[in-house]
Amino acid sequence: MLCCSVGCLHSTVKWVLLLCFLTFCIQYWLNKKEHLTNGDEIAVLVRKYAGLKPKVAFEKIATVLRRMYPGHILPDEDMQWIFMNAGGWMGSMCILHASLTEYILFFGTAVETSGHSGRYWANISDTLISGSVRQWREGELEAHVYNTGDTIPHPMGNATAVYFEADTWMVEYGRGFIPSTLTFALADTFFSTTDFVTLFYILRIYAKAMFLEVNASLEDWKEYIKDNL
Ligand SMILES: *[C@@H]1O[C@H](CO)[C@@H](O)[C@H](O)[C@H]1NC(C)=O
Ligand SMILES: *[C@@H]1O[C@H](CO)[C@@H](O)[C@H](O)[C@H]1NC(C)=O
Ligand SMILES: *[C@@H]1O[C@H](CO)[C@@H](O)[C@H](O)[C@H]1NC(C)=O
């Protein structure tokens, strides 16, 4: 009996240590690796088009992003607005770029909605093209209000309540360990709406975006080998 519990404790400790080690390695890699862009660069770009009709602004921003990051932004035919249910709110997103460590997407809602922001292993920022968002931070008694052109910070590890007005649209940039954000992003779809068509769309577009990144790094390697042989 005693033997068993000592054995159990032993294996639990091993797993916890392994998890800590993996977490440390991933965070080290996140801090060291080169990134495609950063939140400031995206915010500056989006602010130029804030206030335009969302459809027009999104088209212009996608065009500029394709020029800035060639080979890393999904082509027009893959751009798809997909419903997203998470934390009790419902919105719609259109993914432009996603890798293991970053993503860029369009996000918004045509009806007012609110809920839990999620607590992520990623730093996320949203720059508003239209509408308004209230962000109620943990431990505070008043919400922060963000309007067209503003950037909403969502640091890693923080949780907030979010309220989106109807017709609020934004561009979102996330940097961190992106696969870890999928559990929150998919939980409501899986356990609440059971809208498995949406689930399929989300997984398909993430796979397409990852494929684009693999292809881009293969091309980089080819260039590297050509230049060094
Ligand atoms: C993030 O959490 C920290 C610690 O609770 C807090 O000081 C900070 O204001 C929060 N920031 C946001 C944007 O929620
Ligand atoms: C998020 O930002 C903070 C402060 O700039 C930084 O220390 C942390 O490493 C960032 N996290 C990720 C996952 O990039
Ligand atoms: C892979 O990348 C190259 C160079 O960026 C591009 O010409 C090619 O069309 C890409 N292939 C696919 C399937 O995306």
# chains A, B, ... in the order shown; residues from 1 in each chain; ligands from 1
$ residues_near_ligand --ligand "ligand 3" --cutoff "7 Å" --atoms "only C-alpha atoms and all ligand atoms" --output "number ranges by chain"
A: 71, 212, 215-216, 219
$ residues_near_ligand --ligand "ligand 1" --cutoff "12 Å" --atoms "only C-alpha atoms and all ligand atoms" --output "PyMOL selection string"
chain A and resi 117-120+123-126+134-140+143-146+151-162
$ write_last_selection --atoms "N, CA and C atoms" --output "PDB file, in the first residue's frame"
ATOM      1  N   SER A 117     -12.616  36.584 -21.830  1.00  0.00           N
ATOM      2  CA  SER A 117     -11.622  36.772 -22.894  1.00  0.00           C
ATOM      3  C   SER A 117     -10.801  35.514 -23.140  1.00  0.00           C
ATOM      4  N   GLY A 118     -10.684  34.682 -22.106  1.00  0.00           N
ATOM      5  CA  GLY A 118      -9.728  33.584 -22.176  1.00  0.00           C
ATOM      6  C   GLY A 118      -8.430  34.024 -21.525  1.00  0.00           C
ATOM      7  N   ARG A 119      -7.682  33.052 -21.010  1.00  0.00           N
ATOM      8  CA  ARG A 119      -6.380  33.333 -20.390  1.00  0.00           C
ATOM      9  C   ARG A 119      -5.384  32.536 -21.214  1.00  0.00           C
ATOM     10  N   TYR A 120      -4.473  33.238 -21.879  1.00  0.00           N
ATOM     11  CA  TYR A 120      -3.658  32.549 -22.886  1.00  0.00           C
ATOM     12  C   TYR A 120      -2.169  32.556 -22.576  1.00  0.00           C
ATOM     13  N   ASN A 123       0.655  36.758 -26.011  1.00  0.00           N
ATOM     14  CA  ASN A 123       0.335  38.183 -25.908  1.00  0.00           C
ATOM     15  C   ASN A 123      -0.515  38.537 -27.116  1.00  0.00           C
ATOM     16  N   ILE A 124      -1.677  39.103 -26.872  1.00  0.00           N
ATOM     17  CA  ILE A 124      -2.600  39.375 -27.963  1.00  0.00           C
ATOM     18  C   ILE A 124      -2.937  40.859 -27.964  1.00  0.00           C
ATOM     19  N   SER A 125      -3.016  41.464 -29.165  1.00  0.00           N
ATOM     20  CA  SER A 125      -3.478  42.852 -29.239  1.00  0.00           C
ATOM     21  C   SER A 125      -4.468  42.986 -30.389  1.00  0.00           C
ATOM     22  N   ASP A 126      -5.479  43.799 -30.174  1.00  0.00           N
ATOM     23  CA  ASP A 126      -6.528  44.024 -31.172  1.00  0.00           C
ATOM     24  C   ASP A 126      -6.595  45.501 -31.484  1.00  0.00           C
ATOM     25  N   ARG A 134     -15.568  47.125 -24.508  1.00  0.00           N
ATOM     26  CA  ARG A 134     -15.298  47.385 -23.091  1.00  0.00           C
ATOM     27  C   ARG A 134     -14.538  46.189 -22.546  1.00  0.00           C
ATOM     28  N   GLN A 135     -13.434  46.473 -21.842  1.00  0.00           N
ATOM     29  CA  GLN A 135     -12.621  45.410 -21.265  1.00  0.00           C
ATOM     30  C   GLN A 135     -12.593  45.590 -19.751  1.00  0.00           C
ATOM     31  N   TRP A 136     -13.132  44.613 -19.063  1.00  0.00           N
ATOM     32  CA  TRP A 136     -13.165  44.663 -17.600  1.00  0.00           C
ATOM     33  C   TRP A 136     -12.080  43.737 -17.074  1.00  0.00           C
ATOM     34  N   ARG A 137     -11.033  44.357 -16.482  1.00  0.00           N
ATOM     35  CA  ARG A 137      -9.878  43.576 -16.050  1.00  0.00           C
ATOM     36  C   ARG A 137     -10.087  42.982 -14.667  1.00  0.00           C
ATOM     37  N   GLU A 138      -9.406  41.874 -14.452  1.00  0.00           N
ATOM     38  CA  GLU A 138      -9.473  41.150 -13.181  1.00  0.00           C
ATOM     39  C   GLU A 138      -9.109  42.074 -12.020  1.00  0.00           C
ATOM     40  N   GLY A 139      -9.941  42.120 -10.988  1.00  0.00           N
ATOM     41  CA  GLY A 139      -9.617  42.885  -9.789  1.00  0.00           C
ATOM     42  C   GLY A 139     -10.029  44.337  -9.849  1.00  0.00           C
ATOM     43  N   GLU A 140     -10.497  44.820 -11.027  1.00  0.00           N
ATOM     44  CA  GLU A 140     -10.884  46.229 -11.148  1.00  0.00           C
ATOM     45  C   GLU A 140     -12.397  46.376 -11.081  1.00  0.00           C
ATOM     46  N   ALA A 143     -14.647  49.311 -16.176  1.00  0.00           N
ATOM     47  CA  ALA A 143     -14.148  48.774 -17.451  1.00  0.00           C
ATOM     48  C   ALA A 143     -13.327  49.820 -18.196  1.00  0.00           C
ATOM     49  N   HIS A 144     -12.407  49.362 -19.038  1.00  0.00           N
ATOM     50  CA  HIS A 144     -11.677  50.246 -19.958  1.00  0.00           C
ATOM     51  C   HIS A 144     -12.457  50.249 -21.268  1.00  0.00           C
ATOM     52  N   VAL A 145     -12.640  51.431 -21.853  1.00  0.00           N
ATOM     53  CA  VAL A 145     -13.406  51.521 -23.100  1.00  0.00           C
ATOM     54  C   VAL A 145     -12.465  51.818 -24.255  1.00  0.00           C
ATOM     55  N   TYR A 146     -12.581  51.041 -25.337  1.00  0.00           N
ATOM     56  CA  TYR A 146     -11.745  51.223 -26.521  1.00  0.00           C
ATOM     57  C   TYR A 146     -12.632  51.510 -27.726  1.00  0.00           C
ATOM     58  N   THR A 151      -5.971  50.362 -29.682  1.00  0.00           N
ATOM     59  CA  THR A 151      -5.447  49.001 -29.591  1.00  0.00           C
ATOM     60  C   THR A 151      -5.699  48.456 -28.192  1.00  0.00           C
ATOM     61  N   ILE A 152      -6.330  47.292 -28.138  1.00  0.00           N
ATOM     62  CA  ILE A 152      -6.658  46.662 -26.854  1.00  0.00           C
ATOM     63  C   ILE A 152      -5.545  45.683 -26.497  1.00  0.00           C
ATOM     64  N   PRO A 153      -4.886  45.870 -25.337  1.00  0.00           N
ATOM     65  CA  PRO A 153      -3.844  44.913 -24.961  1.00  0.00           C
ATOM     66  C   PRO A 153      -4.464  43.706 -24.257  1.00  0.00           C
ATOM     67  N   HIS A 154      -3.894  42.543 -24.513  1.00  0.00           N
ATOM     68  CA  HIS A 154      -4.299  41.373 -23.729  1.00  0.00           C
ATOM     69  C   HIS A 154      -3.048  40.554 -23.436  1.00  0.00           C
ATOM     70  N   PRO A 155      -2.348  40.925 -22.332  1.00  0.00           N
ATOM     71  CA  PRO A 155      -1.075  40.256 -22.055  1.00  0.00           C
ATOM     72  C   PRO A 155      -1.280  38.786 -21.680  1.00  0.00           C
ATOM     73  N   MET A 156      -0.222  38.039 -21.902  1.00  0.00           N
ATOM     74  CA  MET A 156      -0.251  36.609 -21.592  1.00  0.00           C
ATOM     75  C   MET A 156      -0.526  36.395 -20.100  1.00  0.00           C
ATOM     76  N   GLY A 157      -1.394  35.435 -19.791  1.00  0.00           N
ATOM     77  CA  GLY A 157      -1.713  35.105 -18.400  1.00  0.00           C
ATOM     78  C   GLY A 157      -2.846  35.923 -17.819  1.00  0.00           C
ATOM     79  N   ASN A 158      -3.269  37.004 -18.492  1.00  0.00           N
ATOM     80  CA  ASN A 158      -4.370  37.832 -17.978  1.00  0.00           C
ATOM     81  C   ASN A 158      -5.723  37.320 -18.457  1.00  0.00           C
ATOM     82  N   ALA A 159      -6.716  37.493 -17.609  1.00  0.00           N
ATOM     83  CA  ALA A 159      -8.079  37.188 -18.026  1.00  0.00           C
ATOM     84  C   ALA A 159      -8.913  38.450 -17.823  1.00  0.00           C
ATOM     85  N   THR A 160      -9.847  38.718 -18.731  1.00  0.00           N
ATOM     86  CA  THR A 160     -10.729  39.879 -18.593  1.00  0.00           C
ATOM     87  C   THR A 160     -12.131  39.476 -19.048  1.00  0.00           C
ATOM     88  N   ALA A 161     -13.080  40.353 -18.745  1.00  0.00           N
ATOM     89  CA  ALA A 161     -14.401  40.214 -19.354  1.00  0.00           C
ATOM     90  C   ALA A 161     -14.415  41.166 -20.540  1.00  0.00           C
ATOM     91  N   VAL A 162     -15.001  40.745 -21.643  1.00  0.00           N
ATOM     92  CA  VAL A 162     -15.049  41.614 -22.821  1.00  0.00           C
ATOM     93  C   VAL A 162     -16.491  41.798 -23.272  1.00  0.00           C
TER      94      VAL A 162
END
$ residues_near_ligand --ligand "ligand 2" --cutoff "7 Å" --atoms "only C-alpha atoms and all ligand atoms" --output "ChimeraX atom specification"
/A:27,30-31,121-123,155-156,175-177
$ residues_around --residues "Glu59 of chain A" --least-positions-apart "2" --cutoff "12 Å" --atoms "only C-alpha atoms" --output "ChimeraX atom specification"
/A:46,49,52-57,61-66,75-76,79,94,96,106,171
$ write_last_selection --atoms "C-alpha atoms" --output "compact mmCIF listing (two decimals), in the first residue's frame"
# COMPACT_ATOMS: atom_id res chain seq x y z
CA VAL A 46 -4.48 49.06 -39.11
CA TYR A 49 -7.59 52.27 -42.33
CA LEU A 52 -13.40 53.03 -43.25
CA LYS A 53 -16.23 50.60 -43.95
CA PRO A 54 -14.97 47.31 -42.42
CA LYS A 55 -15.19 45.38 -45.70
CA VAL A 56 -13.12 48.01 -47.53
CA ALA A 57 -10.62 48.33 -44.68
CA ILE A 61 -5.18 45.65 -45.05
CA ALA A 62 -4.99 42.15 -46.58
CA THR A 63 -3.38 43.62 -49.72
CA VAL A 64 -0.78 45.52 -47.70
CA LEU A 65 -0.03 42.49 -45.48
CA ARG A 66 0.57 40.30 -48.57
CA PRO A 75 -4.38 33.82 -50.60
CA ASP A 76 -7.73 35.47 -51.28
CA MET A 79 -9.94 33.79 -46.78
CA CYS A 94 -10.93 35.35 -40.85
CA LEU A 96 -4.62 35.51 -42.61
CA PHE A 106 -9.63 39.71 -38.73
CA VAL A 171 -7.43 43.12 -36.60
$ residues_around --residues "Gly131 of chain A" --least-positions-apart "4" --cutoff "8 Å" --atoms "only C-alpha atoms" --output "PDB file with N, CA and C atoms, in the first residue's frame"
ATOM      1  N   ASN A 147     -12.220  52.484 -28.542  1.00  0.00           N
ATOM      2  CA  ASN A 147     -13.006  52.868 -29.722  1.00  0.00           C
ATOM      3  C   ASN A 147     -12.180  52.722 -30.997  1.00  0.00           C
ATOM      4  N   THR A 148     -12.804  53.049 -32.121  1.00  0.00           N
ATOM      5  CA  THR A 148     -12.146  52.952 -33.431  1.00  0.00           C
ATOM      6  C   THR A 148     -10.733  53.537 -33.392  1.00  0.00           C
ATOM      7  N   PHE A 164     -18.414  43.433 -26.654  1.00  0.00           N
ATOM      8  CA  PHE A 164     -18.287  44.004 -27.997  1.00  0.00           C
ATOM      9  C   PHE A 164     -19.626  44.600 -28.384  1.00  0.00           C
ATOM     10  N   GLU A 165     -19.598  45.870 -28.814  1.00  0.00           N
ATOM     11  CA  GLU A 165     -20.812  46.482 -29.368  1.00  0.00           C
ATOM     12  C   GLU A 165     -21.136  45.838 -30.715  1.00  0.00           C
ATOM     13  N   ALA A 166     -22.380  45.972 -31.171  1.00  0.00           N
ATOM     14  CA  ALA A 166     -22.715  45.494 -32.520  1.00  0.00           C
ATOM     15  C   ALA A 166     -21.855  46.247 -33.535  1.00  0.00           C
ATOM     16  N   ASP A 167     -21.490  45.568 -34.638  1.00  0.00           N
ATOM     17  CA  ASP A 167     -20.671  46.165 -35.706  1.00  0.00           C
ATOM     18  C   ASP A 167     -19.310  46.647 -35.213  1.00  0.00           C
ATOM     19  N   THR A 168     -18.674  45.798 -34.430  1.00  0.00           N
ATOM     20  CA  THR A 168     -17.314  46.074 -33.981  1.00  0.00           C
ATOM     21  C   THR A 168     -16.384  45.128 -34.733  1.00  0.00           C
ATOM     22  N   TRP A 169     -15.393  45.713 -35.403  1.00  0.00           N
ATOM     23  CA  TRP A 169     -14.470  44.897 -36.216  1.00  0.00           C
ATOM     24  C   TRP A 169     -13.038  45.310 -35.935  1.00  0.00           C
TER      25      TRP A 169
END
$ select_by_dssp --residues "segment 112-192 of chain A" --states "helix (DSSP H, G or I)" --output "ChimeraX atom specification"
/A:178-192
$ write_last_selection --atoms "N, CA, C and O atoms" --output "short mmCIF file (atom, residue, chain, number, x, y, z; two decimals), in the first residue's frame"
data_model
loop_
_atom_site.label_atom_id
_atom_site.label_comp_id
_atom_site.auth_asym_id
_atom_site.auth_seq_id
_atom_site.Cartn_x
_atom_site.Cartn_y
_atom_site.Cartn_z
N ILE A 178 0.89 29.17 -29.86
CA ILE A 178 -0.47 29.25 -30.45
C ILE A 178 -1.29 27.96 -30.28
O ILE A 178 -2.49 28.06 -29.97
N PRO A 179 -0.71 26.76 -30.44
CA PRO A 179 -1.56 25.58 -30.25
C PRO A 179 -2.27 25.57 -28.88
O PRO A 179 -3.37 25.04 -28.75
N SER A 180 -1.65 26.18 -27.87
CA SER A 180 -2.27 26.20 -26.53
C SER A 180 -3.53 27.06 -26.50
O SER A 180 -4.38 26.89 -25.62
N THR A 181 -3.68 28.00 -27.43
CA THR A 181 -4.87 28.85 -27.43
C THR A 181 -6.06 28.13 -28.06
O THR A 181 -7.20 28.55 -27.90
N LEU A 182 -5.78 27.04 -28.77
CA LEU A 182 -6.85 26.35 -29.48
C LEU A 182 -7.87 25.71 -28.53
O LEU A 182 -9.05 25.63 -28.85
N THR A 183 -7.41 25.27 -27.35
CA THR A 183 -8.35 24.61 -26.41
C THR A 183 -9.48 25.57 -26.05
O THR A 183 -10.64 25.18 -26.05
N PHE A 184 -9.11 26.85 -25.75
CA PHE A 184 -10.14 27.84 -25.44
C PHE A 184 -10.96 28.16 -26.68
O PHE A 184 -12.19 28.21 -26.64
N ALA A 185 -10.27 28.34 -27.80
CA ALA A 185 -10.95 28.74 -29.03
C ALA A 185 -11.97 27.70 -29.49
O ALA A 185 -12.98 28.05 -30.10
N LEU A 186 -11.71 26.44 -29.17
CA LEU A 186 -12.59 25.39 -29.68
C LEU A 186 -13.57 24.84 -28.64
O LEU A 186 -14.51 24.12 -29.00
N ALA A 187 -13.36 25.17 -27.36
CA ALA A 187 -14.13 24.52 -26.29
C ALA A 187 -15.64 24.72 -26.46
O ALA A 187 -16.41 23.76 -26.39
N ASP A 188 -16.08 25.96 -26.70
CA ASP A 188 -17.52 26.22 -26.82
C ASP A 188 -18.11 25.53 -28.05
O ASP A 188 -19.25 25.07 -28.03
N THR A 189 -17.31 25.49 -29.11
CA THR A 189 -17.79 24.82 -30.33
C THR A 189 -17.96 23.33 -30.07
O THR A 189 -18.92 22.71 -30.50
N PHE A 190 -17.02 22.78 -29.31
CA PHE A 190 -17.03 21.35 -29.03
C PHE A 190 -18.13 20.96 -28.04
O PHE A 190 -18.88 20.02 -28.25
N PHE A 191 -18.22 21.72 -26.93
CA PHE A 191 -19.09 21.29 -25.83
C PHE A 191 -20.41 22.05 -25.74
O PHE A 191 -21.30 21.63 -25.02
N SER A 192 -20.51 23.20 -26.44
CA SER A 192 -21.74 23.97 -26.29
C SER A 192 -22.54 23.98 -27.58
O SER A 192 -23.65 23.47 -27.64
#
$ residues_around --residues "Ile202 of chain A" --least-positions-apart "3" --cutoff "9 Å" --atoms "only C-alpha atoms" --output "VMD selection string"
chain A and resid 82 to 84 186 197 to 199 205 to 207
$ atom_distance --atom1 "atom CA of Gly39 of chain A" --atom2 "atom CA of Phe200 of chain A"
28.4 Å
$ residues_around --residues "Glu213 of chain A" --least-positions-apart "6" --cutoff "12 Å" --atoms "only C-alpha atoms" --output "short mmCIF file (atom, residue, chain, number, x, y, z; two decimals) with N, CA and C atoms, in the first residue's frame"
data_model
loop_
_atom_site.label_atom_id
_atom_site.label_comp_id
_atom_site.auth_asym_id
_atom_site.auth_seq_id
_atom_site.Cartn_x
_atom_site.Cartn_y
_atom_site.Cartn_z
N LEU A 36 7.70 36.96 -37.43
CA LEU A 36 7.32 37.58 -38.70
C LEU A 36 7.12 39.08 -38.52
N TYR A 69 4.55 40.75 -46.09
CA TYR A 69 5.01 39.41 -45.69
C TYR A 69 4.71 38.39 -46.77
N PRO A 70 5.34 38.52 -47.94
CA PRO A 70 5.01 37.63 -49.06
C PRO A 70 5.26 36.17 -48.68
N GLY A 71 4.32 35.30 -49.07
CA GLY A 71 4.47 33.87 -48.80
C GLY A 71 3.99 33.47 -47.41
N HIS A 72 3.53 34.44 -46.60
CA HIS A 72 3.09 34.11 -45.25
C HIS A 72 1.63 34.46 -45.00
N ILE A 73 0.97 35.05 -45.99
CA ILE A 73 -0.44 35.42 -45.82
C ILE A 73 -1.27 34.55 -46.76
N LEU A 74 -2.34 33.97 -46.23
CA LEU A 74 -3.18 33.08 -47.04
C LEU A 74 -3.73 33.83 -48.25
N LEU A 96 -5.52 35.14 -41.51
CA LEU A 96 -4.62 35.51 -42.61
C LEU A 96 -3.28 34.83 -42.49
N HIS A 97 -2.85 34.67 -41.23
CA HIS A 97 -1.55 34.05 -40.99
C HIS A 97 -1.61 33.29 -39.69
N ALA A 98 -1.03 32.09 -39.67
CA ALA A 98 -0.93 31.35 -38.40
C ALA A 98 0.25 30.41 -38.47
N SER A 99 1.03 30.43 -37.41
CA SER A 99 2.15 29.48 -37.31
C SER A 99 2.09 28.92 -35.89
N LEU A 100 3.16 28.25 -35.45
CA LEU A 100 3.17 27.73 -34.08
C LEU A 100 3.30 28.86 -33.07
N THR A 101 3.80 30.02 -33.50
CA THR A 101 4.14 31.07 -32.54
C THR A 101 3.45 32.41 -32.79
N GLU A 102 2.77 32.58 -33.92
CA GLU A 102 2.11 33.85 -34.22
C GLU A 102 0.84 33.64 -35.01
N TYR A 103 -0.05 34.62 -34.96
CA TYR A 103 -1.17 34.63 -35.91
C TYR A 103 -1.63 36.06 -36.14
N TYR A 206 -6.47 26.36 -40.12
CA TYR A 206 -5.20 26.34 -39.36
C TYR A 206 -4.20 25.43 -40.09
N ALA A 207 -4.70 24.30 -40.59
CA ALA A 207 -3.82 23.38 -41.33
C ALA A 207 -3.29 24.06 -42.59
N GLU A 219 11.27 26.80 -48.82
CA GLU A 219 11.82 27.71 -49.83
C GLU A 219 13.05 28.42 -49.28
N ASP A 220 12.98 28.84 -47.99
CA ASP A 220 14.11 29.51 -47.36
C ASP A 220 15.33 28.59 -47.35
#
$ atom_distance --atom1 "atom CA of Val44 of chain A" --atom2 "atom CA of Thr127 of chain A"
8.9 Å
$ select_by_dssp --residues "chain A" --states "strand (DSSP E)" --output "count of residues only"
64
$ atom_distance --atom1 "atom CA of Lys222 of chain A" --atom2 "atom CA of Arg67 of chain A"
21.6 Å
